[in-house]
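Asker: For reference, this is start04.cif, and it has mmCIF, C-alpha atoms.
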data_query
#
loop_
_atom_site.group_PDB
_atom_site.id
_atom_site.type_symbol
_atom_site.label_atom_id
_atom_site.label_comp_id
_atom_site.auth_asym_id
_atom_site.auth_seq_id
_atom_site.Cartn_x
_atom_site.Cartn_y
_atom_site.Cartn_z
ATOM 1 C CA MET A 1 -0.749 2.043 -26.259
ATOM 2 C CA GLU A 2 1.746 3.019 -23.553
ATOM 3 C CA ALA A 3 -0.403 5.946 -22.392
ATOM 4 C CA ALA A 4 -3.468 3.738 -22.193
ATOM 5 C CA LEU A 5 -1.508 1.114 -20.274
ATOM 6 C CA ASN A 6 -0.202 3.690 -17.822
ATOM 7 C CA GLN A 7 -3.709 4.992 -17.159
ATOM 8 C CA ALA A 8 -5.135 1.502 -16.714
ATOM 9 C CA LEU A 9 -2.375 0.408 -14.359
ATOM 10 C CA LEU A 10 -1.794 3.566 -12.379
ATOM 11 C CA SER A 11 -5.473 4.014 -11.603
ATOM 12 C CA GLY A 12 -5.092 1.104 -9.199
ATOM 13 C CA PHE A 13 -1.527 1.787 -8.067
ATOM 14 C CA GLY A 14 -1.247 3.720 -4.814
ATOM 15 C CA SER A 15 -1.792 3.347 -1.119
ATOM 16 C CA LYS A 16 -4.624 0.895 -1.767
ATOM 17 C CA PRO A 17 -3.791 -0.857 -5.008
ATOM 18 C CA SER A 18 -6.417 -3.174 -6.367
ATOM 19 C CA LEU A 19 -5.588 -6.062 -8.656
ATOM 20 C CA SER A 20 -8.762 -7.986 -7.980
ATOM 21 C CA SER A 21 -9.778 -7.882 -11.618
ATOM 22 C CA THR A 22 -6.393 -9.052 -12.830
ATOM 23 C CA ARG A 23 -4.820 -12.476 -12.619
ATOM 24 C CA SER A 24 -1.273 -11.755 -11.579
ATOM 25 C CA CYS A 25 1.927 -13.190 -10.197
ATOM 26 C CA ILE A 26 3.831 -10.540 -8.229
ATOM 27 C CA LEU A 27 7.614 -10.639 -7.785
ATOM 28 C CA LEU A 28 9.744 -8.175 -5.813
ATOM 29 C CA HIS A 29 13.284 -7.717 -7.153
ATOM 30 C CA LYS A 30 15.679 -7.858 -4.207
ATOM 31 C CA HIS A 31 17.878 -5.029 -5.536
ATOM 32 C CA HIS A 32 15.268 -2.629 -6.901
ATOM 33 C CA THR A 33 11.784 -1.385 -6.155
ATOM 34 C CA TRP A 34 10.341 -3.161 -9.146
ATOM 35 C CA VAL A 35 7.124 -5.160 -9.171
ATOM 36 C CA SER A 36 6.539 -7.621 -11.992
ATOM 37 C CA PHE A 37 3.332 -9.389 -12.829
ATOM 38 C CA ARG A 38 1.844 -11.080 -15.854
ATOM 39 C CA ALA A 39 -1.402 -9.341 -16.568
ATOM 40 C CA TRP A 40 -4.336 -10.776 -18.484
ATOM 41 C CA SER A 41 -7.565 -9.183 -19.608
ATOM 42 C CA PRO A 42 -9.662 -7.209 -18.678
ATOM 43 C CA LEU A 43 -6.986 -4.476 -18.944
ATOM 44 C CA PRO A 44 -8.259 -2.854 -22.171
ATOM 45 C CA CYS A 45 -4.887 -2.227 -23.748
ATOM 46 C CA LEU A 46 -3.861 -5.856 -23.155
ATOM 47 C CA LYS A 47 -7.080 -7.526 -24.227
ATOM 48 C CA GLY A 48 -6.381 -10.751 -26.031
ATOM 49 C CA SER A 49 -2.693 -10.739 -25.190
ATOM 50 C CA SER A 50 -0.249 -11.337 -22.385
ATOM 51 C CA LYS A 51 2.488 -8.882 -21.478
ATOM 52 C CA THR A 52 5.056 -8.581 -18.738
ATOM 53 C CA VAL A 53 4.543 -5.271 -16.972
ATOM 54 C CA TRP A 54 6.990 -3.471 -14.703
ATOM 55 C CA LEU A 55 5.946 -0.873 -12.113
ATOM 56 C CA ARG A 56 8.499 1.187 -10.227
ATOM 57 C CA CYS A 57 7.938 3.576 -7.339
ATOM 58 C CA VAL A 58 9.557 6.938 -8.070
ATOM 59 C CA ASN A 59 11.116 8.856 -5.147
ATOM 60 C CA GLY A 60 8.758 7.146 -2.697
ATOM 61 C CA GLU A 61 5.709 8.895 -4.176
ATOM 62 C CA GLU A 62 2.457 7.232 -5.080
ATOM 63 C CA ARG A 63 3.125 7.333 -8.766
ATOM 64 C CA ALA A 64 4.820 4.904 -11.084
ATOM 65 C CA GLN A 65 6.620 4.402 -14.305
ATOM 66 C CA ALA A 66 5.255 1.636 -16.476
ATOM 67 C CA ALA A 67 6.825 -0.201 -19.350
ATOM 68 C CA VAL A 68 5.741 -3.167 -21.400
ATOM 69 C CA LEU A 69 8.131 -5.939 -22.305
ATOM 70 C CA ASP A 70 6.775 -8.534 -24.686
ATOM 71 C CA LEU A 71 7.998 -12.112 -24.748
ATOM 72 C CA GLU A 72 11.030 -11.102 -26.788
ATOM 73 C CA GLY A 73 11.785 -7.984 -24.725
ATOM 74 C CA SER A 74 14.980 -6.757 -23.115
ATOM 75 C CA GLU A 75 14.744 -8.582 -19.800
ATOM 76 C CA LYS A 76 17.152 -11.512 -19.496
ATOM 77 C CA GLY A 77 15.290 -14.698 -20.266
ATOM 78 C CA LYS A 78 13.366 -12.792 -22.917
ATOM 79 C CA LEU A 79 16.391 -11.472 -24.759
ATOM 80 C CA ARG A 80 17.010 -13.309 -27.989
ATOM 81 C CA ARG A 81 19.950 -15.679 -27.632
ATOM 82 C CA LYS A 82 22.797 -14.263 -29.670
ATOM 83 C CA LYS A 83 24.483 -16.150 -32.474
ATOM 84 C CA LEU A 84 28.255 -16.377 -32.117
ATOM 85 C CA VAL A 85 31.083 -17.428 -34.392
ATOM 86 C CA VAL A 86 34.525 -18.202 -32.978
ATOM 87 C CA PHE A 87 37.863 -17.985 -34.841
ATOM 88 C CA VAL A 88 40.723 -20.311 -33.805
ATOM 89 C CA SER A 89 44.068 -21.476 -35.149
ATOM 90 C CA GLY A 90 45.045 -24.029 -32.501
ATOM 91 C CA GLY A 91 43.625 -26.106 -29.679
ATOM 92 C CA GLY A 92 40.855 -23.629 -28.988
ATOM 93 C CA SER A 93 40.648 -23.890 -25.191
ATOM 94 C CA ASN A 94 38.885 -20.515 -24.953
ATOM 95 C CA PHE A 95 36.506 -21.654 -27.692
ATOM 96 C CA ARG A 96 35.737 -24.754 -25.639
ATOM 97 C CA ALA A 97 35.162 -22.687 -22.487
ATOM 98 C CA ILE A 98 32.714 -20.413 -24.303
ATOM 99 C CA HIS A 99 30.929 -23.365 -25.888
ATOM 100 C CA GLU A 100 30.551 -25.006 -22.482
ATOM 101 C CA GLY A 101 29.174 -21.712 -21.165
ATOM 102 C CA CYS A 102 26.581 -21.663 -23.941
ATOM 103 C CA VAL A 103 25.556 -25.251 -23.266
ATOM 104 C CA GLN A 104 25.468 -24.863 -19.472
ATOM 105 C CA GLY A 105 23.606 -21.552 -19.527
ATOM 106 C CA SER A 106 26.271 -19.120 -18.310
ATOM 107 C CA VAL A 107 26.403 -17.544 -21.794
ATOM 108 C CA HIS A 108 23.153 -16.283 -23.326
ATOM 109 C CA GLY A 109 24.102 -17.301 -26.840
ATOM 110 C CA ASP A 110 24.995 -20.158 -29.162
ATOM 111 C CA ILE A 111 28.056 -20.849 -31.307
ATOM 112 C CA VAL A 112 26.750 -21.361 -34.833
ATOM 113 C CA ALA A 113 30.112 -21.859 -36.586
ATOM 114 C CA LEU A 114 33.859 -22.115 -36.077
ATOM 115 C CA VAL A 115 36.247 -20.328 -38.436
ATOM 116 C CA THR A 116 39.819 -21.575 -38.709
ATOM 117 C CA ASN A 117 42.822 -21.281 -40.990
ATOM 118 C CA LYS A 118 43.903 -24.834 -40.068
ATOM 119 C CA SER A 119 41.360 -27.548 -40.813
ATOM 120 C CA GLY A 120 43.189 -30.121 -38.677
ATOM 121 C CA CYS A 121 43.666 -28.021 -35.537
ATOM 122 C CA GLY A 122 42.325 -29.128 -32.170
ATOM 123 C CA GLY A 123 39.645 -26.466 -32.171
ATOM 124 C CA ALA A 124 38.277 -27.676 -35.501
ATOM 125 C CA GLU A 125 38.223 -31.278 -34.293
ATOM 126 C CA TYR A 126 36.320 -30.244 -31.171
ATOM 127 C CA ALA A 127 33.827 -28.298 -33.284
ATOM 128 C CA ARG A 128 33.131 -31.257 -35.544
ATOM 129 C CA GLY A 129 32.647 -33.472 -32.506
ATOM 130 C CA SER A 130 30.150 -30.947 -31.153
ATOM 131 C CA ASN A 131 28.247 -30.664 -34.461
ATOM 132 C CA ILE A 132 29.423 -27.100 -34.998
ATOM 133 C CA PRO A 133 30.039 -26.227 -38.672
ATOM 134 C CA VAL A 134 33.674 -25.486 -39.556
ATOM 135 C CA ILE A 135 34.518 -22.740 -42.045
ATOM 136 C CA LEU A 136 37.999 -22.459 -43.544
ATOM 137 C CA PHE A 137 39.454 -18.982 -43.909
ATOM 138 C CA PRO A 138 41.430 -17.662 -45.684
ATOM 139 C CA ARG A 139 41.991 -19.517 -48.940
ATOM 140 C CA THR A 140 45.650 -20.535 -49.220
ATOM 141 C CA LYS A 141 47.761 -23.144 -51.003
ATOM 142 C CA GLU A 142 47.552 -25.259 -47.855
ATOM 143 C CA GLU A 143 43.795 -24.707 -47.542
ATOM 144 C CA PRO A 144 42.468 -24.292 -51.100
ATOM 145 C CA GLU A 145 38.881 -24.697 -49.908
ATOM 146 C CA GLY A 146 39.165 -21.594 -47.739
ATOM 147 C CA LEU A 147 36.838 -18.654 -48.352
ATOM 148 C CA SER A 148 37.661 -15.214 -49.662
ATOM 149 C CA PRO A 149 36.901 -12.237 -47.365
ATOM 150 C CA ALA A 150 33.734 -11.418 -49.272
ATOM 151 C CA ASP A 151 32.554 -15.020 -49.169
ATOM 152 C CA LEU A 152 33.290 -15.191 -45.443
ATOM 153 C CA VAL A 153 31.151 -12.125 -44.744
ATOM 154 C CA ALA A 154 28.366 -13.584 -46.880
ATOM 155 C CA ALA A 155 28.545 -16.883 -44.982
ATOM 156 C CA LEU A 156 28.317 -15.159 -41.605
ATOM 157 C CA ARG A 157 25.414 -13.034 -42.829
ATOM 158 C CA GLU A 158 23.659 -16.192 -43.961
ATOM 159 C CA LEU A 159 24.119 -17.639 -40.469
ATOM 160 C CA GLU A 160 22.762 -14.381 -38.985
ATOM 161 C CA VAL A 161 25.831 -14.039 -36.763
ATOM 162 C CA ASP A 162 25.609 -11.326 -34.102
ATOM 163 C CA PHE A 163 29.160 -11.360 -32.711
ATOM 164 C CA VAL A 164 32.591 -12.608 -33.755
ATOM 165 C CA LEU A 165 34.994 -13.922 -31.097
ATOM 166 C CA LEU A 166 38.688 -14.459 -31.818
ATOM 167 C CA ALA A 167 40.232 -17.135 -29.609
ATOM 168 C CA GLY A 168 43.805 -17.776 -30.627
ATOM 169 C CA TYR A 169 43.316 -16.913 -34.297
ATOM 170 C CA LEU A 170 46.680 -15.908 -35.714
ATOM 171 C CA LYS A 171 45.671 -14.226 -38.972
ATOM 172 C CA LEU A 172 44.908 -10.539 -39.364
ATOM 173 C CA ILE A 173 41.165 -9.966 -39.668
ATOM 174 C CA PRO A 174 40.256 -8.529 -43.101
ATOM 175 C CA ILE A 175 38.868 -5.026 -43.302
ATOM 176 C CA GLU A 176 35.743 -6.401 -45.002
ATOM 177 C CA LEU A 177 34.806 -8.292 -41.839
ATOM 178 C CA ILE A 178 35.590 -5.355 -39.552
ATOM 179 C CA GLN A 179 33.375 -3.084 -41.627
ATOM 180 C CA ALA A 180 30.582 -5.668 -41.695
ATOM 181 C CA TYR A 181 30.639 -6.120 -37.892
ATOM 182 C CA PRO A 182 31.473 -2.765 -36.284
ATOM 183 C CA ARG A 183 31.923 -2.948 -32.507
ATOM 184 C CA SER A 184 30.990 -6.620 -32.719
ATOM 185 C CA ILE A 185 34.357 -8.418 -32.928
ATOM 186 C CA LEU A 186 36.280 -9.334 -29.768
ATOM 187 C CA ASN A 187 39.722 -10.819 -29.215
ATOM 188 C CA ILE A 188 41.469 -12.144 -26.128
ATOM 189 C CA HIS A 189 45.202 -11.528 -25.749
ATOM 190 C CA PRO A 190 47.447 -13.129 -23.072
ATOM 191 C CA SER A 191 49.027 -9.915 -21.762
ATOM 192 C CA LEU A 192 47.920 -6.620 -20.259
ATOM 193 C CA LEU A 193 47.642 -4.569 -23.405
ATOM 194 C CA PRO A 194 49.001 -2.280 -24.681
ATOM 195 C CA ALA A 195 52.110 -4.023 -23.289
ATOM 196 C CA PHE A 196 53.411 -7.048 -25.196
ATOM 197 C CA GLY A 197 50.980 -6.774 -28.082
ATOM 198 C CA GLY A 198 51.254 -6.483 -31.842
ATOM 199 C CA LYS A 199 52.504 -8.647 -34.665
ATOM 200 C CA GLY A 200 54.547 -11.594 -33.446
ATOM 201 C CA TYR A 201 53.239 -11.384 -29.883
ATOM 202 C CA TYR A 202 51.160 -14.513 -29.549
ATOM 203 C CA GLY A 203 51.203 -17.697 -27.500
ATOM 204 C CA MET A 204 54.389 -18.481 -25.634
ATOM 205 C CA ASN A 205 56.164 -15.529 -27.276
ATOM 206 C CA VAL A 206 54.120 -13.212 -25.069
ATOM 207 C CA HIS A 207 54.927 -14.967 -21.812
ATOM 208 C CA LYS A 208 58.636 -15.215 -22.599
ATOM 209 C CA ALA A 209 58.702 -11.479 -23.302
ATOM 210 C CA VAL A 210 56.866 -10.676 -20.065
ATOM 211 C CA ILE A 211 59.320 -12.686 -17.974
ATOM 212 C CA ALA A 212 62.336 -11.275 -19.801
ATOM 213 C CA SER A 213 61.108 -7.723 -19.157
ATOM 214 C CA GLY A 214 60.960 -8.185 -15.391
ATOM 215 C CA ALA A 215 57.271 -7.202 -15.307
ATOM 216 C CA ARG A 216 55.649 -8.041 -11.982
ATOM 217 C CA TYR A 217 52.146 -8.460 -13.392
ATOM 218 C CA SER A 218 50.562 -9.914 -16.505
ATOM 219 C CA GLY A 219 47.124 -11.251 -17.402
ATOM 220 C CA PRO A 220 44.569 -11.488 -20.211
ATOM 221 C CA THR A 221 42.973 -8.584 -22.074
ATOM 222 C CA VAL A 222 39.686 -8.710 -23.972
ATOM 223 C CA HIS A 223 39.485 -5.969 -26.586
ATOM 224 C CA PHE A 224 37.508 -4.981 -29.635
ATOM 225 C CA VAL A 225 39.177 -5.660 -32.956
ATOM 226 C CA ASP A 226 40.250 -3.066 -35.483
ATOM 227 C CA GLU A 227 42.365 -3.387 -38.626
ATOM 228 C CA HIS A 228 45.634 -3.820 -36.696
ATOM 229 C CA TYR A 229 46.995 -6.410 -34.282
ATOM 230 C CA ASP A 230 45.949 -5.801 -30.645
ATOM 231 C CA THR A 231 45.181 -2.077 -30.946
ATOM 232 C CA GLY A 232 41.382 -2.061 -30.561
ATOM 233 C CA ARG A 233 39.570 -0.590 -27.557
ATOM 234 C CA ILE A 234 40.162 -2.510 -24.322
ATOM 235 C CA LEU A 235 37.004 -3.939 -22.754
ATOM 236 C CA ALA A 236 38.229 -6.041 -19.806
ATOM 237 C CA GLN A 237 41.422 -7.211 -18.125
ATOM 238 C CA ARG A 238 42.358 -9.612 -15.346
ATOM 239 C CA VAL A 239 45.621 -9.171 -13.409
ATOM 240 C CA VAL A 240 47.911 -12.152 -12.757
ATOM 241 C CA PRO A 241 51.076 -11.821 -10.625
ATOM 242 C CA VAL A 242 54.381 -12.864 -12.163
ATOM 243 C CA SER A 243 56.571 -14.827 -9.765
ATOM 244 C CA VAL A 244 60.338 -14.337 -9.827
ATOM 245 C CA THR A 245 60.654 -18.105 -10.276
ATOM 246 C CA ASP A 246 58.159 -18.374 -13.158
ATOM 247 C CA ASN A 247 59.071 -19.840 -16.496
ATOM 248 C CA ALA A 248 56.974 -19.129 -19.585
ATOM 249 C CA GLU A 249 54.973 -22.336 -19.274
ATOM 250 C CA GLU A 250 54.017 -21.680 -15.646
ATOM 251 C CA LEU A 251 52.955 -18.116 -16.369
ATOM 252 C CA ALA A 252 51.032 -19.220 -19.449
ATOM 253 C CA ALA A 253 49.039 -21.765 -17.433
ATOM 254 C CA ARG A 254 48.117 -19.179 -14.803
ATOM 255 C CA VAL A 255 47.071 -16.603 -17.402
ATOM 256 C CA LEU A 256 45.094 -19.180 -19.401
ATOM 257 C CA HIS A 257 43.044 -20.096 -16.345
ATOM 258 C CA GLU A 258 41.991 -16.453 -16.040
ATOM 259 C CA GLU A 259 41.379 -16.197 -19.794
ATOM 260 C CA HIS A 260 38.737 -18.915 -19.682
ATOM 261 C CA GLN A 261 36.804 -17.205 -16.899
ATOM 262 C CA LEU A 262 37.158 -13.669 -18.249
ATOM 263 C CA TYR A 263 36.197 -14.466 -21.831
ATOM 264 C CA VAL A 264 33.076 -16.351 -20.760
ATOM 265 C CA GLU A 265 31.998 -13.480 -18.496
ATOM 266 C CA VAL A 266 32.588 -10.849 -21.182
ATOM 267 C CA THR A 267 30.867 -12.919 -23.867
ATOM 268 C CA ASN A 268 27.809 -13.218 -21.660
ATOM 269 C CA ALA A 269 27.785 -9.453 -21.048
ATOM 270 C CA LEU A 270 27.929 -8.996 -24.815
ATOM 271 C CA CYS A 271 25.025 -11.383 -25.338
ATOM 272 C CA GLU A 272 22.999 -9.676 -22.601
ATOM 273 C CA GLU A 273 23.593 -6.302 -24.283
ATOM 274 C CA ARG A 274 25.445 -4.913 -21.266
ATOM 275 C CA ILE A 275 28.294 -3.292 -23.207
ATOM 276 C CA ILE A 276 27.938 0.495 -22.923
ATOM 277 C CA TRP A 277 30.062 2.897 -24.981
ATOM 278 C CA ARG A 278 31.212 6.016 -23.176
ATOM 279 C CA GLU A 279 31.110 9.315 -25.065
ATOM 280 C CA ASP A 280 34.887 9.198 -25.571
ATOM 281 C CA GLY A 281 34.636 5.787 -27.241
ATOM 282 C CA VAL A 282 35.642 3.636 -24.270
ATOM 283 C CA PRO A 283 33.539 0.462 -23.880
ATOM 284 C CA LEU A 284 32.289 -0.434 -20.399
ATOM 285 C CA ILE A 285 30.543 -3.479 -18.949
ATOM 286 C CA GLN A 286 27.320 -2.753 -17.113
ATOM 287 C CA SER A 287 26.677 -4.769 -13.955
ATOM 288 C CA ARG A 288 23.650 -7.040 -14.138
ATOM 289 C CA GLU A 289 22.911 -6.589 -10.438
ATOM 290 C CA ASN A 290 23.367 -2.798 -10.408
ATOM 291 C CA PRO A 291 22.762 -1.093 -13.795
ATOM 292 C CA LYS A 292 24.421 2.075 -12.473
ATOM 293 C CA LYS A 293 27.708 0.262 -11.900
ATOM 294 C CA PHE A 294 30.258 -0.262 -14.692
ATOM 295 C CA SER A 295 33.618 -1.943 -15.037
#
Translate the structure described by the file into structure tokens.
Answerer:
Amino acid sequence: MEAALNQALLSGFGSKPSLSSTRSCILLHKHHTWVSFRAWSPLPCLKGSSKTVWLRCVNGEERAQAAVLDLEGSEKGKLRRKKLVVFVSGGGSNFRAIHEGCVQGSVHGDIVALVTNKSGCGGAEYARGSNIPVILFPRTKEEPEGLSPADLVAALRELEVDFVLLAGYLKLIPIELIQAYPRSILNIHPSLLPAFGGKGYYGMNVHKAVIASGARYSGPTVHFVDEHYDTGRILAQRVVPVSVTDNAEELAARVLHEEHQLYVEVTNALCEERIIWREDGVPLIQSRENPKKFS
């Protein structure tokens, strides 16, 4: 089909292109030499269907590369919205920021469930108020209705979850979940990892340790999750200066502000499939505006 499409399109693509036999809407991308139009019959390879076709000039020559993207293709707006699940143990301010991003359109995905180890936490209350299902995990004496690791994986599979986002979840993620979602679980940590990470470094403990160390900079880190605390591959960081007059609460507020922005941006990149893995295993974020640029 692709060869037939190329022949049909390229026969009229040159110094005097003719689209007289094709109903089309032509758009020029401001950053690239791409032309997009929705083509209808009589192109033989598209008869009876509608496709979005991209033509790109190559090295200024009168030839083109053609590709077909159907209505569920890889272009944003045609990408399937990803299904997200968020894990929280407390107020869930990052969870709320991501949910607002989903609702407002800055995140190309939807939160289909909240997982928490504390049924009465602020994040769980917000989820219930937003009609987001709440799943208890793990099963403990305090939360006897919590799921086992195997049941949790089965529940997420049933919901067809694409990505798992940890947002202030204080329990170690079970190996069963890590194996079920390779390179698909993110966490946000309130320091510049690998500094001030690991077991016991959470919440205000992190900011107190940063100030006590005399560090001049801190900030949030988004990283992939492995079987240990805060040791997975780093995906993104945001630097926040530490003032000599800061207390832990002041630093925490400044870092949290950056967390909300960073986590929403990274989550959207994840949903838009712009996470690229370098050959050495380092994850990079591909720019939407310039696909050759990474951060």
Asker: Quick one, how far is CA of Cys271 (chain A) from CA of Lys78 (chain A)?
Answerer: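 Between these atoms lies a distance of 12.0 Å.
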Asker: Which residue gives the smallest distance to Ile178 (chain A) among A:Val222, A:Met204, A:Val153, A:Arg139, with all atoms listed in the file counted?
Answerer: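 The closest residue to Ile178 (chain A) is A:Val153.
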Asker: Once you count only C-alpha atoms, what closest atom pair and distance in Å to one decimal does each residue of region 163-216 of chain A within 7 Å of region 226-248 of chain A have, with rows by chain and rising residue number, as JSON lines?
Answerer:
{"residue": "A:Leu172", "atom": "CA", "partner": "A:Tyr229", "partner_atom": "CA", "distance": 6.9}
{"residue": "A:Ile173", "atom": "CA", "partner": "A:Glu227", "partner_atom": "CA", "distance": 6.8}
{"residue": "A:Ile175", "atom": "CA", "partner": "A:Glu227", "partner_atom": "CA", "distance": 6.1}
{"residue": "A:Ile178", "atom": "CA", "partner": "A:Asp226", "partner_atom": "CA", "distance": 6.6}
{"residue": "A:Leu192", "atom": "CA", "partner": "A:Gln237", "partner_atom": "CA", "distance": 6.9}
{"residue": "A:Gly197", "atom": "CA", "partner": "A:Asp230", "partner_atom": "CA", "distance": 5.7}
{"residue": "A:Gly198", "atom": "CA", "partner": "A:Tyr229", "partner_atom": "CA", "distance": 4.9}
{"residue": "A:Lys199", "atom": "CA", "partner": "A:Tyr229", "partner_atom": "CA", "distance": 6.0}
{"residue": "A:Met204", "atom": "CA", "partner": "A:Ala248", "partner_atom": "CA", "distance": 6.6}
{"residue": "A:His207", "atom": "CA", "partner": "A:Ala248", "partner_atom": "CA", "distance": 5.1}
{"residue": "A:Lys208", "atom": "CA", "partner": "A:Ala248", "partner_atom": "CA", "distance": 5.2}
{"residue": "A:Arg216", "atom": "CA", "partner": "A:Val242", "partner_atom": "CA", "distance": 5.0}
Asker: One number please: CA of Lys82 (chain A) to CA of Trp277 (chain A), in Å, one decimal.
Answerer: 19.2 Å
Asker: Give me the residues within 12 Å of Ala155 (chain A) as a list in words, counting all atoms listed in the file and dropping any in the same chain fewer than 3 places off.
Answerer: Val85, Val112, Ala113, Leu114, Val115, Pro133, Val134, Ile135, Leu136, Phe137, Gly146, Leu147, Ser148, Pro149, Ala150, Asp151, Leu152, Glu158, Leu159, Glu160, Val161, Leu177 and Ala180 of chain A
Asker: What do you get, as number ranges by chain, if you spell out every residue that the PyMOL selection byres ((chain A and resi 93) around 12) selects here?
Answerer: A: 86-92, 94-100, 121-127, 166-169, 188, 253, 256-261, 263-264
Asker: In Å, rounded to a single decimal, give me how far CA of Gly203 (chain A) is from CA of Lys141 (chain A).
Answerer: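 We find that CA of Lys141 (chain A) and CA of Gly203 (chain A) lie 24.4 Å from each other.
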Asker: Go through A:Ser218, A:Gln286, A:Ser130, A:Thr140 and flag the residue nearest Ala252 (chain A), using only C-alpha atoms for the distances.
Answerer: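 Among the listed residues, the smallest separation from Ala252 (chain A) belongs to A:Ser218.
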Asker: Pick the closest to Asn187 (chain A) from A:Val210, A:His108, A:Arg81, A:Thr267: which is it, counting all atoms listed in the file?
Answerer: A:Thr267
Asker: Find the residues near Asp162 (chain A): any atom within 8 Å, counting all atoms listed in the file, skip ones fewer than 5 places away on the same chain, and give them as a PDB file with C-alpha atoms, in the coordinates of the input.
Answerer:
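Result file selection.pdb:
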ATOM      1  CA  LYS A  82      22.797 -14.263 -29.670  1.00  0.00           C
ATOM      2  CA  LYS A  83      24.483 -16.150 -32.474  1.00  0.00           C
ATOM      3  CA  LEU A  84      28.255 -16.377 -32.117  1.00  0.00           C
ATOM      4  CA  SER A 184      30.990  -6.620 -32.719  1.00  0.00           C
TER       5      SER A 184
END
Asker: Out of A:Lys292, A:His223, A:Arg80, A:Arg183, which residue has the shortest atom-to-atom distance to Phe163 (chain A) when counting all atoms listed in the file?
Answerer: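 Closest to Phe163 (chain A), using all atoms listed in the file: A:Arg183.
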Asker: Of the candidates A:Glu145, A:Asn205, A:Asn268, A:Leu156, which one gets nearest to Glu249 (chain A) if we count only C-alpha atoms?
Answerer: A:Asn205
